[in-house]
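**Q** Input file: data.cif. Contents: mmCIF, C-alpha atoms (C1' of nucleotides).
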data_run
loop_
_atom_site.label_atom_id
_atom_site.label_comp_id
_atom_site.auth_asym_id
_atom_site.auth_seq_id
_atom_site.Cartn_x
_atom_site.Cartn_y
_atom_site.Cartn_z
CA MET A 1 98.11 77.00 147.74
CA ALA A 2 98.60 74.38 145.08
CA GLU A 3 102.11 75.21 144.01
CA LYS A 4 103.41 72.24 142.15
CA SER A 5 105.39 70.98 139.20
CA VAL A 6 107.24 74.28 138.77
CA THR A 7 109.70 75.86 141.15
CA LEU A 8 107.92 78.92 142.47
CA LYS A 9 109.26 80.74 145.44
CA ALA A 10 106.87 82.80 147.45
CA SER A 11 107.78 86.38 146.74
CA LEU A 12 105.89 89.26 148.23
CA GLN A 13 105.00 90.60 144.82
CA ARG A 14 103.64 87.25 143.69
CA GLN A 15 101.50 87.02 146.77
CA LEU A 16 100.35 90.56 146.23
CA VAL A 17 99.24 89.87 142.68
CA LEU A 18 97.39 86.83 143.83
CA ASP A 19 95.75 88.69 146.70
CA ILE A 20 94.55 91.42 144.42
CA LEU A 21 93.02 88.90 142.08
CA LYS A 22 91.33 87.13 144.96
CA GLU A 23 89.81 90.32 146.27
CA SER A 24 88.80 91.50 142.85
CA GLU A 25 85.21 91.19 141.77
CA GLY A 26 85.75 91.57 138.08
CA HIS A 27 88.32 90.60 135.49
CA PRO A 28 91.16 93.07 135.82
CA THR A 29 93.88 93.55 133.24
CA ALA A 30 97.58 93.41 134.03
CA GLN A 31 97.65 97.19 134.00
CA THR A 32 94.80 97.45 136.48
CA ILE A 33 96.38 94.90 138.75
CA PHE A 34 99.64 96.77 138.50
CA GLU A 35 98.00 100.01 139.52
CA GLU A 36 96.39 98.42 142.51
CA ALA A 37 99.60 96.63 143.41
CA ARG A 38 101.75 99.73 143.42
CA LYS A 39 99.39 101.33 145.89
CA ARG A 40 100.46 98.70 148.38
CA MET A 41 103.99 98.22 147.13
CA PRO A 42 105.13 101.31 145.26
CA SER A 43 108.31 99.68 144.03
CA ILE A 44 106.63 96.85 142.16
CA SER A 45 107.12 96.90 138.43
CA LEU A 46 104.74 96.14 135.61
CA ALA A 47 107.11 93.50 134.29
CA THR A 48 106.90 91.67 137.57
CA VAL A 49 103.14 91.74 137.44
CA TYR A 50 103.21 90.29 133.95
CA ARG A 51 105.74 87.65 134.93
CA ASN A 52 103.74 86.54 137.90
CA LEU A 53 100.49 86.52 136.03
CA ARG A 54 102.06 84.31 133.43
CA LEU A 55 103.42 81.92 136.03
CA LEU A 56 100.18 81.75 137.92
CA VAL A 57 98.31 81.04 134.74
CA LYS A 58 100.75 78.33 133.78
CA GLN A 59 100.29 76.73 137.17
CA GLY A 60 96.57 76.84 136.88
CA ASN A 61 95.91 79.26 139.69
CA LEU A 62 94.60 81.87 137.31
CA ILE A 63 92.76 81.86 134.09
CA GLU A 64 93.40 84.37 131.39
CA SER A 65 90.88 85.59 128.85
CA LYS A 66 91.96 87.46 125.82
CA ILE A 67 89.24 88.87 123.60
CA GLY A 68 90.32 90.40 120.35
CA ASN A 69 93.19 92.82 120.64
CA LYS A 70 92.21 94.01 124.04
CA PRO A 71 94.53 93.36 126.95
CA SER A 72 94.14 90.02 128.70
CA ARG A 73 91.87 89.80 131.68
CA PHE A 74 92.59 87.63 134.65
CA GLU A 75 90.65 85.92 137.37
CA THR A 76 91.31 83.28 139.96
CA ARG A 77 90.43 79.82 138.87
CA LYS A 78 86.92 78.85 139.88
CA ASN A 79 84.76 76.22 138.31
CA ARG A 80 84.83 76.25 134.57
CA HIS A 81 82.55 78.91 133.25
CA TYR A 82 81.88 81.13 130.28
CA HIS A 83 81.84 84.87 129.77
CA VAL A 84 79.60 87.50 128.27
CA CYS A 85 81.39 90.38 126.67
CA CYS A 86 79.89 93.71 125.73
CA VAL A 87 80.75 94.62 122.16
CA ARG A 88 80.37 98.28 122.99
CA CYS A 89 82.34 98.79 126.17
CA GLY A 90 84.28 95.55 126.32
CA SER A 91 83.23 94.70 129.84
CA LEU A 92 83.41 91.04 130.76
CA GLU A 93 81.14 89.10 133.06
CA ASP A 94 80.90 85.56 134.30
CA LEU A 95 78.00 83.40 133.26
CA VAL A 96 76.40 80.74 135.38
CA LEU A 97 75.76 78.54 132.38
CA PRO A 98 77.39 75.24 133.32
CA TYR A 99 80.30 73.88 131.32
CA GLN A 100 78.93 71.91 128.38
CA SER A 101 81.06 68.82 128.48
CA VAL A 102 78.69 67.20 126.04
CA LEU A 103 80.23 69.39 123.40
CA ASP A 104 83.70 68.12 124.16
CA ARG A 105 82.50 64.60 123.70
CA LYS A 106 80.78 65.45 120.46
CA VAL A 107 83.85 67.10 119.08
CA GLU A 108 86.04 64.27 120.24
CA GLY A 109 84.01 62.06 117.99
CA MET A 110 84.55 64.23 114.96
CA VAL A 111 88.23 65.13 114.96
CA ARG A 112 91.41 63.31 115.82
CA TYR A 113 92.50 65.96 118.27
CA GLN A 114 93.35 65.00 121.82
CA LEU A 115 90.78 67.36 123.24
CA GLN A 116 91.41 69.30 126.43
CA GLU A 117 88.55 71.74 126.77
CA HIS A 118 86.67 74.48 125.04
CA ARG A 119 86.13 78.13 125.68
CA MET A 120 83.11 80.14 124.81
CA GLU A 121 82.24 83.81 124.94
CA PHE A 122 78.89 85.37 124.33
CA PHE A 123 78.74 88.78 122.75
CA GLY A 124 76.08 91.39 123.07
CA ILE A 125 75.27 94.78 124.44
CA CYS A 126 75.33 95.16 128.17
CA PRO A 127 72.49 96.86 130.03
CA ARG A 128 74.50 100.00 130.62
CA CYS A 129 75.38 100.38 126.96
CA GLN A 130 71.83 99.68 125.84
CA GLY A 131 70.88 102.97 127.38
CA ARG A 132 73.21 104.93 125.18
CA SER A 133 71.95 105.30 121.63
CA ARG A 134 73.27 102.87 119.03
CA ASN A 135 76.16 104.99 118.08
CA SER A 136 77.32 106.90 121.08
CA SER A 137 80.09 104.96 122.68
CA GLN A 138 81.07 105.56 126.24
CA LEU A 139 84.26 107.41 125.60
CA GLY A 140 83.64 109.11 122.31
CA LYS A 141 86.25 106.93 120.77
CA GLN A 142 85.01 103.46 120.13
CA LYS A 143 87.23 101.25 118.10
CA LEU A 144 85.62 97.94 118.63
CA HIS A 145 87.09 96.68 115.42
CA GLN A 146 88.64 93.33 116.17
CA PRO A 147 86.59 92.02 119.04
CA ALA A 148 83.44 93.32 117.47
CA ILE A 149 81.37 90.52 116.22
CA PRO A 150 80.67 90.59 112.52
CA ALA A 151 78.28 93.49 112.14
CA ARG A 152 75.52 91.71 110.34
CA MET B 1 79.18 91.61 96.29
CA ALA B 2 77.34 92.66 99.37
CA GLU B 3 78.94 96.06 99.76
CA LYS B 4 76.61 98.03 101.95
CA SER B 5 76.22 100.48 104.75
CA VAL B 6 79.80 101.73 104.39
CA THR B 7 81.30 103.56 101.46
CA LEU B 8 83.79 101.10 100.01
CA LYS B 9 85.21 101.71 96.59
CA ALA B 10 86.41 98.73 94.65
CA SER B 11 90.16 98.93 94.63
CA LEU B 12 92.34 96.31 93.03
CA GLN B 13 94.10 95.62 96.29
CA ARG B 14 90.85 95.11 98.14
CA GLN B 15 89.66 92.69 95.50
CA LEU B 16 92.98 90.91 95.66
CA VAL B 17 92.78 90.40 99.40
CA LEU B 18 89.30 89.05 99.05
CA ASP B 19 90.28 86.74 96.21
CA ILE B 20 93.13 85.30 98.21
CA LEU B 21 90.84 84.60 101.11
CA LYS B 22 88.31 82.95 98.86
CA GLU B 23 90.91 80.68 97.32
CA SER B 24 92.47 79.88 100.66
CA GLU B 25 91.75 76.60 102.33
CA GLY B 26 92.86 77.50 105.81
CA HIS B 27 92.85 80.50 108.08
CA PRO B 28 95.66 82.73 106.93
CA THR B 29 97.07 85.60 108.93
CA ALA B 30 97.45 89.12 107.59
CA GLN B 31 101.12 88.42 107.02
CA THR B 32 100.42 85.30 105.00
CA ILE B 33 97.82 87.07 102.94
CA PHE B 34 100.25 89.90 102.37
CA GLU B 35 102.93 87.51 101.14
CA GLU B 36 100.55 85.90 98.70
CA ALA B 37 99.23 89.26 97.59
CA ARG B 38 102.59 90.72 96.77
CA LYS B 39 103.28 87.80 94.49
CA ARG B 40 100.50 89.06 92.29
CA MET B 41 100.89 92.75 93.02
CA PRO B 42 104.42 93.46 94.21
CA SER B 43 103.62 97.03 95.12
CA ILE B 44 100.95 96.22 97.69
CA SER B 45 101.75 97.13 101.25
CA LEU B 46 101.09 95.33 104.48
CA ALA B 47 99.21 98.33 105.80
CA THR B 48 96.80 98.10 102.91
CA VAL B 49 96.22 94.46 103.60
CA TYR B 50 95.46 95.24 107.23
CA ARG B 51 93.19 98.12 106.28
CA ASN B 52 91.21 96.03 103.86
CA LEU B 53 90.95 93.11 106.20
CA ARG B 54 89.55 95.39 108.82
CA LEU B 55 87.01 96.88 106.45
CA LEU B 56 85.94 93.53 105.13
CA VAL B 57 85.49 92.24 108.63
CA LYS B 58 83.48 95.27 109.60
CA GLN B 59 81.23 94.72 106.60
CA GLY B 60 80.73 91.12 107.45
CA ASN B 61 82.46 89.64 104.43
CA LEU B 62 85.17 88.14 106.58
CA ILE B 63 85.41 86.75 110.02
CA GLU B 64 88.43 87.23 112.19
CA SER B 65 89.60 84.85 114.88
CA LYS B 66 92.13 85.92 117.39
CA ILE B 67 93.41 83.29 119.79
CA GLY B 68 95.65 84.44 122.56
CA ASN B 69 98.46 86.68 121.45
CA LYS B 70 98.86 85.07 118.11
CA PRO B 71 98.12 87.08 114.99
CA SER B 72 94.51 87.15 113.85
CA ARG B 73 93.37 84.61 111.32
CA PHE B 74 90.86 85.38 108.64
CA GLU B 75 88.39 83.49 106.55
CA THR B 76 85.48 84.32 104.29
CA ARG B 77 82.17 84.28 106.03
CA LYS B 78 80.49 80.92 105.74
CA ASN B 79 77.83 79.49 107.97
CA ARG B 80 78.49 80.03 111.62
CA HIS B 81 80.91 77.47 112.91
CA TYR B 82 83.45 76.78 115.60
CA HIS B 83 87.16 76.09 115.57
CA VAL B 84 89.58 73.59 117.04
CA CYS B 85 92.94 75.00 117.90
CA CYS B 86 96.08 73.01 118.61
CA VAL B 87 97.70 74.14 121.83
CA ARG B 88 101.06 72.94 120.56
CA CYS B 89 101.35 74.33 117.05
CA GLY B 90 98.50 76.82 117.05
CA SER B 91 96.91 75.50 113.89
CA LEU B 92 93.23 76.27 113.48
CA GLU B 93 90.58 74.14 111.87
CA ASP B 94 86.89 74.43 111.20
CA LEU B 95 84.48 72.17 113.01
CA VAL B 96 81.29 70.83 111.58
CA LEU B 97 79.55 71.01 114.93
CA PRO B 98 76.46 73.10 114.19
CA TYR B 99 75.96 76.45 115.85
CA GLN B 100 74.31 75.91 119.20
CA SER B 101 71.65 78.59 119.18
CA VAL B 102 70.08 76.93 122.19
CA LEU B 103 72.90 78.36 124.22
CA ASP B 104 72.15 81.88 123.07
CA ARG B 105 68.58 81.45 124.18
CA LYS B 106 69.65 80.06 127.52
CA VAL B 107 72.01 82.91 128.14
CA GLU B 108 69.44 85.45 127.02
CA GLY B 109 67.31 84.19 129.86
CA MET B 110 70.00 84.73 132.44
CA VAL B 111 71.50 88.14 131.69
CA ARG B 112 70.14 91.45 130.56
CA TYR B 113 72.49 91.65 127.63
CA GLN B 114 71.13 92.17 124.15
CA LEU B 115 72.74 89.01 122.88
CA GLN B 116 74.22 88.81 119.39
CA GLU B 117 76.05 85.51 119.20
CA HIS B 118 78.68 83.39 120.81
CA ARG B 119 82.03 82.10 119.79
CA MET B 120 83.61 78.88 120.87
CA GLU B 121 86.99 77.32 120.36
CA PHE B 122 88.05 73.84 121.31
CA PHE B 123 91.60 73.24 122.41
CA GLY B 124 93.61 70.10 122.16
CA ILE B 125 96.55 68.47 120.49
CA CYS B 126 96.30 67.95 116.77
CA PRO B 127 97.14 64.60 115.19
CA ARG B 128 100.46 65.86 113.84
CA CYS B 129 101.58 67.13 117.22
CA GLN B 130 100.48 63.98 119.00
CA GLY B 131 103.26 62.23 117.17
CA ARG B 132 105.93 64.43 118.63
CA SER B 133 106.68 63.63 122.25
CA ARG B 134 105.01 65.74 124.92
CA ASN B 135 107.70 68.30 125.00
CA SER B 136 109.23 68.61 121.59
CA SER B 137 107.53 71.43 119.82
CA GLN B 138 107.57 71.72 116.10
CA LEU B 139 110.03 74.53 115.76
CA GLY B 140 112.19 74.18 118.81
CA LYS B 141 110.74 77.37 120.12
CA GLN B 142 107.31 76.90 121.57
CA LYS B 143 105.97 79.71 123.60
CA LEU B 144 102.40 78.74 123.96
CA HIS B 145 102.03 80.89 126.98
CA GLN B 146 98.88 82.91 126.54
CA PRO B 147 96.84 80.80 124.20
CA ALA B 148 97.76 77.67 126.10
CA ILE B 149 94.89 76.40 128.05
CA PRO B 150 95.42 76.28 131.80
CA ALA B 151 97.81 73.40 132.22
CA ARG B 152 95.76 71.36 134.57
"C1'" DC C 1 85.98 117.28 91.56
"C1'" DT C 2 86.45 114.84 96.07
"C1'" DA C 3 86.07 111.42 99.26
"C1'" DG C 4 87.97 106.91 99.71
"C1'" DT C 5 92.48 104.40 99.06
"C1'" DT C 6 97.38 103.52 98.89
"C1'" DG C 7 102.56 103.06 100.27
"C1'" DC C 8 105.71 104.32 103.33
"C1'" DA C 9 107.56 105.01 107.57
"C1'" DA C 10 106.77 105.89 112.11
"C1'" DA C 11 104.05 105.18 116.08
"C1'" DG C 12 101.14 102.47 119.30
"C1'" DC C 13 99.94 98.96 122.49
"C1'" DG C 14 100.24 95.00 125.13
"C1'" DT C 15 103.64 91.96 126.48
"C1'" DT C 16 108.30 90.00 126.91
"C1'" DT C 17 113.24 89.99 127.83
"C1'" DG C 18 118.36 90.96 128.99
"C1'" DC C 19 120.83 92.41 132.68
"C1'" DA C 20 122.62 93.28 137.10
"C1'" DC C 21 120.91 93.04 141.62
"C1'" DT C 22 118.16 91.09 145.55
"C1'" DA C 23 116.09 87.70 148.44
"C1'" DC C 24 113.89 83.21 149.27
"C1'" DG C 25 114.82 78.48 150.76
"C1'" DC D 1 125.03 80.05 148.90
"C1'" DG D 2 122.69 79.13 144.62
"C1'" DT D 3 118.84 79.88 142.09
"C1'" DA D 4 114.42 82.07 141.39
"C1'" DG D 5 112.54 86.63 141.43
"C1'" DT D 6 112.83 91.75 140.73
"C1'" DG D 7 113.16 96.56 138.55
"C1'" DC D 8 114.43 98.96 134.76
"C1'" DA D 9 114.70 99.96 130.16
"C1'" DA D 10 114.93 98.32 125.80
"C1'" DA D 11 112.98 95.18 122.48
"C1'" DC D 12 109.18 92.64 120.31
"C1'" DG D 13 105.20 91.28 117.45
"C1'" DC D 14 101.07 92.61 115.65
"C1'" DT D 15 98.42 96.30 114.19
"C1'" DT D 16 97.31 101.08 113.36
"C1'" DT D 17 98.09 105.80 111.68
"C1'" DG D 18 99.75 110.43 109.62
"C1'" DC D 19 100.75 112.06 105.43
"C1'" DA D 20 101.12 113.22 100.67
"C1'" DA D 21 100.28 111.20 96.34
"C1'" DC D 22 96.57 108.77 93.80
"C1'" DT D 23 92.08 107.08 91.84
"C1'" DA D 24 87.45 105.41 91.51
"C1'" DG D 25 82.83 107.21 91.15
#
Show me the file's structure as structure tokens.
**A**
Amino acid sequence: MAEKSVTLKASLQRQLVLDILKESEGHPTAQTIFEEARKRMPSISLATVYRNLRLLVKQGNLIESKIGNKPSRFETRKNRHYHVCCVRCGSLEDLVLPYQSVLDRKVEGMVRYQLQEHRMEFFGICPRCQGRSRNSSQLGKQKLHQPAIPAR
Amino acid sequence: MAEKSVTLKASLQRQLVLDILKESEGHPTAQTIFEEARKRMPSISLATVYRNLRLLVKQGNLIESKIGNKPSRFETRKNRHYHVCCVRCGSLEDLVLPYQSVLDRKVEGMVRYQLQEHRMEFFGICPRCQGRSRNSSQLGKQKLHQPAIPAR
DNA sequence: CTAGTTGCAAAGCGTTTGCACTACG
DNA sequence: CGTAGTGCAAACGCTTTGCAACTAG
């Protein structure tokens, strides 16, 4: 629902991508969505998933969150919200902290930008990763370089 | 100054990268830094610039901001601050809005993460781009797909 | 000496695109 | 029917890496 402005035919693969996102609890990547999609439609291609994700984002049906050099994560558009991101394992979770429109107003008063919105991510160590000792990452190979918050 | 925890020898190229960042007004990309660096040391390689940037970020001397699929932008570590990003041209600017530590405390109360910090970027149209009509991007080719904030 | 560093070229990864074909409206 | 959408494979942009030759400590 809510197709507008753009053309947008209703292809099976587009619907499939959307369905998967709607069912999904978390914030899957294109790759993850692709893997799920091909279970139900083996012929679907990764390119198609990417194309549809991009369209759906452009339309406003989805929101895309890219943290550092990790692959983008997608979710269906709900109310504006923020995310917490684990600097160890990269997992992403929604926060219930309400959108701070005050901040938009403040910033509007300090720059000449035509402000649209802001995005905010909190970084920390998730409960699961807190268990593991400081240095043992989940998969042996942790390269949290970019997204890692300044280590001091 | 402030070498610690890691090994870190003082190579000329590392110093050069750091110097360039210190002199820089804006938020240069690795490529831009590389171009400036090779003016002063023609033999320096892009890989070295990337390697040093990564190290310096890991140490905490630099902070790295990646918005969407655009190349990372770097700056020397100052006080914590936020950025405004133009959704048309991608330019990035510092904001003087003080770090909202209240938010960290709030979030700490709502999740079991070991919180470190948050990052926030404001999106809008910069003064320069406001001049240009809605659809004429600065270089003919605007593909603001990922970083573009949901268009509605 | 020897572990960190460099330049080069090649590889890697996520994402996009050109093309010929298919299918929605 | 015409145009948007698809699958495939190749290309892309940014970043990383293997390697052999250095170099700072």
**Q** Work out how far apart CA of Gln116 in chain A and CA of Phe123 in chain B are and give it in Å to one decimal.
**A** 5.6 Å
**Q** Using the chain letters and numbers from this file, what does the PyMOL selection byres ((chain D) within 8 of (chain A)) select? Give the answer as a PyMOL selection string.
**A** chain D and resi 4-7
**Q** Please compute the CA of Leu92 in chain A-CA of Ile67 in chain A distance, one decimal, in Å.
**A**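 These two atoms are separated by 9.5 Å.
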**Q** Which residues, named as in the file, does the PyMOL selection byres ((chain A) within 8 of (chain B)) pick out? Answer as a PyMOL selection string.
**A** chain A and resi 54+57-60+62-69+86+95+97+104+106-107+112-127+130+145-146+149-152
**Q** Could you list the residues chosen by the PyMOL selection byres ((chain C) within 7 of (chain B)) in this structure as a compact mmCIF listing (two decimals) with C-alpha atoms (C1' of nucleotides), in the coordinates of the input?
**A**
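The new file part14.txt reads:
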# COMPACT_ATOMS: atom_id res chain seq x y z
C1' DG C 4 87.97 106.91 99.71
C1' DT C 6 97.38 103.52 98.89
C1' DG C 7 102.56 103.06 100.27
**Q** I need every residue sitting at most 12 Å from the point (97.6, 87.7, 145.0) (coordinates as in the file, only C-alpha atoms (C1' of nucleotides) considered), written as number ranges by chain.
**A** A: 1, 10-24, 33-34, 36-37, 40, 49, 52-53, 56, 61-62, 74-76
**Q** Dump as a ChimeraX atom specification all residues having an atom at most 8 Å from (103.0, 92.4, 127.8), computed in the file's coordinates with only C-alpha atoms (C1' of nucleotides).
**A** /A:47,50 /C:14-16
**Q** Starting from the sparse input, extend range 23-34 of chain A to all heavy atoms and give the output as a JSON list (two decimals), in the coordinates of the input.
**A**
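Final file, out24.json:
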[["chain", "number", "residue", "atom", "x", "y", "z"],
["A", 23, "GLU", "N", 90.74, 89.30, 145.77],
["A", 23, "GLU", "CA", 89.81, 90.32, 146.27],
["A", 23, "GLU", "C", 88.92, 90.86, 145.16],
["A", 23, "GLU", "O", 87.80, 91.29, 145.39],
["A", 23, "GLU", "CB", 90.59, 91.51, 146.86],
["A", 23, "GLU", "CG", 91.45, 91.16, 148.05],
["A", 23, "GLU", "CD", 92.46, 92.26, 148.34],
["A", 23, "GLU", "OE1", 92.30, 93.36, 147.78],
["A", 23, "GLU", "OE2", 93.41, 92.02, 149.12],
["A", 24, "SER", "N", 89.48, 90.85, 143.97],
["A", 24, "SER", "CA", 88.80, 91.50, 142.85],
["A", 24, "SER", "C", 87.48, 90.84, 142.50],
["A", 24, "SER", "O", 87.32, 89.63, 142.53],
["A", 24, "SER", "CB", 89.70, 91.49, 141.63],
["A", 24, "SER", "OG", 88.98, 91.88, 140.49],
["A", 25, "GLU", "N", 86.53, 91.68, 142.16],
["A", 25, "GLU", "CA", 85.21, 91.19, 141.77],
["A", 25, "GLU", "C", 85.19, 90.85, 140.29],
["A", 25, "GLU", "O", 84.55, 89.92, 139.85],
["A", 25, "GLU", "CB", 84.16, 92.28, 142.02],
["A", 25, "GLU", "CG", 84.06, 92.77, 143.45],
["A", 25, "GLU", "CD", 83.17, 91.85, 144.29],
["A", 25, "GLU", "OE1", 82.06, 91.54, 143.84],
["A", 25, "GLU", "OE2", 83.61, 91.44, 145.39],
["A", 26, "GLY", "N", 85.89, 91.67, 139.52],
["A", 26, "GLY", "CA", 85.75, 91.57, 138.08],
["A", 26, "GLY", "C", 86.86, 90.77, 137.40],
["A", 26, "GLY", "O", 87.29, 89.74, 137.89],
["A", 27, "HIS", "N", 87.30, 91.27, 136.29],
["A", 27, "HIS", "CA", 88.32, 90.60, 135.49],
["A", 27, "HIS", "C", 89.36, 91.62, 135.10],
["A", 27, "HIS", "O", 89.40, 92.07, 133.96],
["A", 27, "HIS", "CB", 87.69, 90.00, 134.23],
["A", 27, "HIS", "CG", 86.60, 89.02, 134.51],
["A", 27, "HIS", "ND1", 85.35, 89.41, 134.92],
["A", 27, "HIS", "CD2", 86.56, 87.68, 134.43],
["A", 27, "HIS", "CE1", 84.59, 88.33, 135.09],
["A", 27, "HIS", "NE2", 85.30, 87.27, 134.79],
["A", 28, "PRO", "N", 90.21, 91.99, 136.06],
["A", 28, "PRO", "CA", 91.16, 93.07, 135.82],
["A", 28, "PRO", "C", 92.23, 92.71, 134.79],
["A", 28, "PRO", "O", 92.55, 91.54, 134.59],
["A", 28, "PRO", "CB", 91.78, 93.29, 137.19],
["A", 28, "PRO", "CG", 91.61, 92.01, 137.91],
["A", 28, "PRO", "CD", 90.34, 91.42, 137.39],
["A", 29, "THR", "N", 92.76, 93.72, 134.16],
["A", 29, "THR", "CA", 93.88, 93.55, 133.24],
["A", 29, "THR", "C", 95.18, 93.67, 134.03],
["A", 29, "THR", "O", 95.19, 94.10, 135.18],
["A", 29, "THR", "CB", 93.87, 94.66, 132.19],
["A", 29, "THR", "OG1", 94.05, 95.92, 132.85],
["A", 29, "THR", "CG2", 92.55, 94.68, 131.44],
["A", 30, "ALA", "N", 96.26, 93.31, 133.38],
["A", 30, "ALA", "CA", 97.58, 93.41, 134.03],
["A", 30, "ALA", "C", 97.81, 94.85, 134.51],
["A", 30, "ALA", "O", 98.30, 95.07, 135.62],
["A", 30, "ALA", "CB", 98.67, 93.00, 133.06],
["A", 31, "GLN", "N", 97.45, 95.78, 133.67],
["A", 31, "GLN", "CA", 97.65, 97.19, 134.00],
["A", 31, "GLN", "C", 96.88, 97.57, 135.26],
["A", 31, "GLN", "O", 97.41, 98.22, 136.16],
["A", 31, "GLN", "CB", 97.18, 98.04, 132.81],
["A", 31, "GLN", "CG", 97.36, 99.53, 133.01],
["A", 31, "GLN", "CD", 98.81, 99.93, 133.14],
["A", 31, "GLN", "OE1", 99.67, 99.42, 132.42],
["A", 31, "GLN", "NE2", 99.12, 100.82, 134.08],
["A", 32, "THR", "N", 95.64, 97.14, 135.33],
["A", 32, "THR", "CA", 94.80, 97.45, 136.48],
["A", 32, "THR", "C", 95.37, 96.83, 137.74],
["A", 32, "THR", "O", 95.44, 97.46, 138.80],
["A", 32, "THR", "CB", 93.38, 96.90, 136.26],
["A", 32, "THR", "OG1", 92.88, 97.42, 135.03],
["A", 32, "THR", "CG2", 92.46, 97.30, 137.38],
["A", 33, "ILE", "N", 95.79, 95.59, 137.61],
["A", 33, "ILE", "CA", 96.38, 94.90, 138.75],
["A", 33, "ILE", "C", 97.64, 95.62, 139.19],
["A", 33, "ILE", "O", 97.88, 95.84, 140.38],
["A", 33, "ILE", "CB", 96.71, 93.45, 138.37],
["A", 33, "ILE", "CG1", 95.42, 92.68, 138.08],
["A", 33, "ILE", "CG2", 97.51, 92.77, 139.48],
["A", 33, "ILE", "CD1", 95.65, 91.35, 137.38],
["A", 34, "PHE", "N", 98.41, 96.03, 138.22],
["A", 34, "PHE", "CA", 99.64, 96.77, 138.50],
["A", 34, "PHE", "C", 99.35, 98.03, 139.29],
["A", 34, "PHE", "O", 100.01, 98.34, 140.28],
["A", 34, "PHE", "CB", 100.36, 97.09, 137.20],
["A", 34, "PHE", "CG", 101.50, 98.04, 137.34],
["A", 34, "PHE", "CD1", 102.58, 97.74, 138.17],
["A", 34, "PHE", "CD2", 101.51, 99.24, 136.63],
["A", 34, "PHE", "CE1", 103.65, 98.62, 138.30],
["A", 34, "PHE", "CE2", 102.57, 100.12, 136.76],
["A", 34, "PHE", "CZ", 103.63, 99.81, 137.60]]
